[in-house]
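Scroll down for the structure; my scribbles are underneath it.
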Amino acid sequence: MKKLIGIVAAFLMLASTAFAETTIKVDGSTTVLPIMQKVVEAYMKAHPDVKISVSGGGSGNGIKALIDGATDIAMASRAMEQKEIDLAKSKGENPVQTVVAIDAIVPVVNPANKLSEITLAQLKDLYTGTITSWKDLGGEGPVVVISRDTSSGTYETWEGLVMKKERVFPGALMQASNGAVVQAVSKNKNALGYVGLGYLDASTKALKVDGVEATAETAKSKKYAISRDLYIYTNGAPAGAVKGLVDFLLGAEGQKLVKEVGFVPLN
């Protein structure tokens, strides 16, 4: 009887270990989120034994979760900072970066806005509160500035490439996701926001920047000024079930899904 109980206990232990190895948690950037959701859906369909949960709370939150050992994969729309890498290593984590796609951050206005293009200098003036009226740009009405919140990788990229490290002024309305920015701009004829390339749709109007339209080609060539790479981070090189998912994402089928959701595949 004792022997039977021992065999059953060993079997249950092996079963629970196998289950843990096929459970993957993904957290982070709302920009990378639609890519990962599409990839995970396809991957789980082909690998029903692998269970994957995906949530988006911003790049900063995903990176924090990785540092704390609370996620297997952190999605990020900006590179980890050295202080974050140092903190991770102090906790026994070893962040490894993988580029998964290319993106462009696109300024968007309400379709009722007559503006069709803008300059980097004008965007900076709008987001520092120097320009407060569309009249200064040939339009009409007050400008309602919409921004991502400070935990967002998109915000940090915007701050670096557009604001040149100046902060977005306090009067901007901060949103927690790309989707929230789209919704806010689509409902306000005076609004100005910015979103990742994959979030462009008919509910908003994309603006050219310095005469260049944001497209897959201009983002990849970096001709479009507000282009960037999109990342995932893992603790060490991807291994086991995580490696299977990452390999799928970087492979032909995964990169095809990157293009389907509106972002730029690597090849």
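For the structure tokens, the naming scheme is as follows: chains receive sequential letters (A, B, ...) according to their order of presentation, residues are indexed from 1 within each chain, and ligands are indexed from 1 in presentation order.
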Contacts of range 33-44 of chain A at 8 Å or less, counting only C-alpha atoms, minus same-chain residues fewer than 2 places along, as a ChimeraX atom specification? /A:28-31,46-52,54-56,75,245,248-249,254,257-258,261
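Omitting Ala112 in chain A and its sequence neighbours fewer than 6 positions away, and counting only C-alpha atoms, the residues within 10 Å are Ser186, Asn188, Lys189, Asn190, Thr204 and Lys205 of chain A.
Closest approach to Gly160 in chain A among A:Tyr199, A:Ser227, A:Val99, A:Thr215 is made by A:Ser227 (distances from only C-alpha atoms).
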One decimal, in Å: what's the spacing between CA of Phe169 in chain A and CA of Lys223 in chain A?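 Computing it gives 27.7 Å between the two atoms.
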Using only C-alpha atoms, determine which residues lie at most 6 Å from range 152-154 of chain A, disregarding the query and same-chain residues fewer than 4 positions distant; provide the list as a VMD selection string. chain A and resid 58 to 59 77 to 78
Hey, what does DSSP flag as strand (DSSP E or B) within range 8-208 of chain A? Can you give it to me as JSON, numbers by chain? {"A": [23, 24, 25, 26, 27, 28, 51, 52, 53, 54, 55, 56, 73, 74, 75, 76, 95, 96, 97, 98, 99, 100, 101, 102, 103, 104, 105, 106, 107, 108, 109, 117, 118, 133, 142, 144, 145, 146, 147, 148, 173, 174, 175, 191, 192, 193, 194, 195, 196, 205, 206, 208]}
Would you mind exporting N, CA and C atoms of the selected residues as a short mmCIF file (atom, residue, chain, number, x, y, z; two decimals), in the first residue's frame?
```
data_model
loop_
_atom_site.label_atom_id
_atom_site.label_comp_id
_atom_site.auth_asym_id
_atom_site.auth_seq_id
_atom_site.Cartn_x
_atom_site.Cartn_y
_atom_site.Cartn_z
N THR A 23 3.32 26.18 -18.97
CA THR A 23 2.54 27.37 -18.66
C THR A 23 3.43 28.60 -18.80
N ILE A 24 3.05 29.53 -19.66
CA ILE A 24 3.86 30.71 -19.93
C ILE A 24 3.06 31.97 -19.62
N LYS A 25 3.68 32.91 -18.93
CA LYS A 25 3.05 34.19 -18.65
C LYS A 25 3.77 35.29 -19.41
N VAL A 26 2.98 36.13 -20.09
CA VAL A 26 3.52 37.24 -20.88
C VAL A 26 2.86 38.53 -20.39
N ASP A 27 3.67 39.57 -20.19
CA ASP A 27 3.14 40.82 -19.63
C ASP A 27 3.90 42.00 -20.23
N GLY A 28 3.23 43.17 -20.28
CA GLY A 28 3.96 44.38 -20.67
C GLY A 28 3.28 45.26 -21.68
N LYS A 51 -0.11 26.33 -22.23
CA LYS A 51 -1.06 27.33 -21.76
C LYS A 51 -0.33 28.67 -21.60
N ILE A 52 -0.83 29.70 -22.26
CA ILE A 52 -0.16 31.00 -22.25
C ILE A 52 -1.16 32.09 -21.86
N SER A 53 -0.80 32.90 -20.88
CA SER A 53 -1.62 34.06 -20.51
C SER A 53 -0.90 35.33 -20.94
N VAL A 54 -1.64 36.28 -21.52
CA VAL A 54 -1.05 37.52 -22.02
C VAL A 54 -1.82 38.71 -21.45
N SER A 55 -1.08 39.67 -20.88
CA SER A 55 -1.72 40.89 -20.39
C SER A 55 -0.83 42.09 -20.69
N GLY A 56 -1.47 43.22 -20.93
CA GLY A 56 -0.73 44.44 -21.23
C GLY A 56 -0.96 45.49 -20.17
N ILE A 73 7.91 36.28 -19.98
CA ILE A 73 8.25 37.15 -21.10
C ILE A 73 7.72 38.55 -20.81
N ALA A 74 8.59 39.56 -20.95
CA ALA A 74 8.16 40.96 -20.84
C ALA A 74 8.12 41.56 -22.23
N MET A 75 6.98 42.10 -22.61
CA MET A 75 6.87 42.83 -23.87
C MET A 75 7.27 44.28 -23.62
N ALA A 76 8.05 44.86 -24.54
CA ALA A 76 8.51 46.24 -24.33
C ALA A 76 8.62 46.98 -25.66
N PRO A 95 18.22 39.56 -17.87
CA PRO A 95 17.36 39.95 -19.00
C PRO A 95 18.07 39.80 -20.34
N VAL A 96 17.43 39.09 -21.25
CA VAL A 96 17.95 38.93 -22.61
C VAL A 96 16.93 39.54 -23.57
N GLN A 97 17.42 40.45 -24.41
CA GLN A 97 16.56 41.20 -25.33
C GLN A 97 16.43 40.49 -26.68
N THR A 98 15.21 40.46 -27.22
CA THR A 98 14.96 39.94 -28.57
C THR A 98 14.09 40.93 -29.32
N VAL A 99 14.56 41.41 -30.47
CA VAL A 99 13.75 42.29 -31.32
C VAL A 99 12.74 41.42 -32.07
N VAL A 100 11.46 41.82 -32.03
CA VAL A 100 10.43 40.99 -32.66
C VAL A 100 9.72 41.68 -33.82
N ALA A 101 9.82 43.01 -33.91
CA ALA A 101 9.13 43.74 -34.98
C ALA A 101 9.65 45.18 -35.01
N ILE A 102 9.21 45.92 -36.01
CA ILE A 102 9.56 47.34 -36.15
C ILE A 102 8.26 48.14 -36.14
N ASP A 103 8.32 49.32 -35.56
CA ASP A 103 7.12 50.13 -35.39
C ASP A 103 7.43 51.59 -35.72
N ALA A 104 6.38 52.37 -35.93
CA ALA A 104 6.47 53.82 -36.04
C ALA A 104 5.45 54.40 -35.08
N ILE A 105 5.82 55.45 -34.37
CA ILE A 105 4.86 56.15 -33.52
C ILE A 105 4.28 57.29 -34.36
N VAL A 106 2.96 57.29 -34.49
CA VAL A 106 2.31 58.19 -35.44
C VAL A 106 1.40 59.19 -34.72
N PRO A 107 1.62 60.51 -34.96
CA PRO A 107 0.67 61.49 -34.41
C PRO A 107 -0.66 61.37 -35.13
N VAL A 108 -1.75 61.40 -34.36
CA VAL A 108 -3.09 61.26 -34.95
C VAL A 108 -4.00 62.37 -34.44
N VAL A 109 -4.91 62.80 -35.33
CA VAL A 109 -5.92 63.79 -34.98
C VAL A 109 -7.29 63.24 -35.34
N GLU A 117 -0.30 67.22 -42.10
CA GLU A 117 1.09 66.95 -41.73
C GLU A 117 1.56 67.94 -40.68
N ILE A 118 2.67 67.60 -40.06
CA ILE A 118 3.18 68.38 -38.94
C ILE A 118 4.69 68.18 -38.89
N SER A 133 -3.25 76.36 -29.49
CA SER A 133 -4.39 76.53 -30.39
C SER A 133 -4.06 76.00 -31.78
N PRO A 142 -9.04 75.11 -29.63
CA PRO A 142 -7.94 74.78 -28.72
C PRO A 142 -7.44 73.35 -28.96
N VAL A 144 -6.37 69.82 -27.70
CA VAL A 144 -6.49 68.91 -26.56
C VAL A 144 -5.41 67.85 -26.73
N VAL A 145 -4.38 67.94 -25.92
CA VAL A 145 -3.21 67.07 -26.06
C VAL A 145 -3.43 65.75 -25.30
N ILE A 146 -3.32 64.64 -26.03
CA ILE A 146 -3.47 63.30 -25.46
C ILE A 146 -2.11 62.62 -25.48
N SER A 147 -1.72 62.05 -24.35
CA SER A 147 -0.42 61.38 -24.27
C SER A 147 -0.56 60.02 -23.58
N ARG A 148 0.40 59.14 -23.81
CA ARG A 148 0.49 57.92 -23.03
C ARG A 148 1.03 58.26 -21.64
N LEU A 173 -3.68 65.07 -21.35
CA LEU A 173 -4.53 64.01 -20.79
C LEU A 173 -3.82 62.67 -21.00
N MET A 174 -3.45 62.01 -19.92
CA MET A 174 -2.65 60.78 -20.00
C MET A 174 -3.55 59.55 -20.12
N GLN A 175 -3.18 58.66 -21.03
CA GLN A 175 -3.97 57.45 -21.29
C GLN A 175 -3.10 56.21 -21.06
N ALA A 191 -8.60 67.04 -30.57
CA ALA A 191 -7.57 66.22 -29.92
C ALA A 191 -6.38 65.91 -30.82
N LEU A 192 -5.26 65.72 -30.17
CA LEU A 192 -4.02 65.26 -30.81
C LEU A 192 -3.43 64.17 -29.94
N GLY A 193 -3.10 63.04 -30.54
CA GLY A 193 -2.48 61.95 -29.79
C GLY A 193 -1.39 61.28 -30.60
N TYR A 194 -0.86 60.18 -30.09
CA TYR A 194 0.13 59.40 -30.84
C TYR A 194 -0.03 57.92 -30.49
N VAL A 195 0.11 57.07 -31.51
CA VAL A 195 -0.10 55.63 -31.33
C VAL A 195 0.91 54.85 -32.18
N GLY A 196 1.03 53.57 -31.87
CA GLY A 196 1.84 52.68 -32.69
C GLY A 196 1.18 52.44 -34.05
N LYS A 205 -7.06 60.23 -37.87
CA LYS A 205 -6.30 60.58 -39.09
C LYS A 205 -4.82 60.69 -38.74
N ALA A 206 -4.00 59.92 -39.45
CA ALA A 206 -2.56 59.97 -39.23
C ALA A 206 -1.97 61.19 -39.91
N LYS A 208 1.45 63.13 -41.46
CA LYS A 208 2.83 63.00 -41.90
C LYS A 208 3.71 63.81 -40.94
#
```
Pick out the closest residue to Ala88 in chain A from this set: A:Gly236, A:Val209, A:Phe263, A:Asp247. Count only C-alpha atoms. A:Gly236
Pull the alpha helix (DSSP H) assignments for range 92-186 of chain A out of DSSP run on the backbone, and list those residues as a ChimeraX atom specification. /A:120-127,153-161,178-186
In Å, how far is it from CA of Thr157 in chain A to CA of Thr128 in chain A? 15.5 Å
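Distances from A:Leu161, A:Ala70, A:Val264, A:Leu115 to Ser221 in chain A were compared using only C-alpha atoms, and the smallest one belongs to A:Val264.
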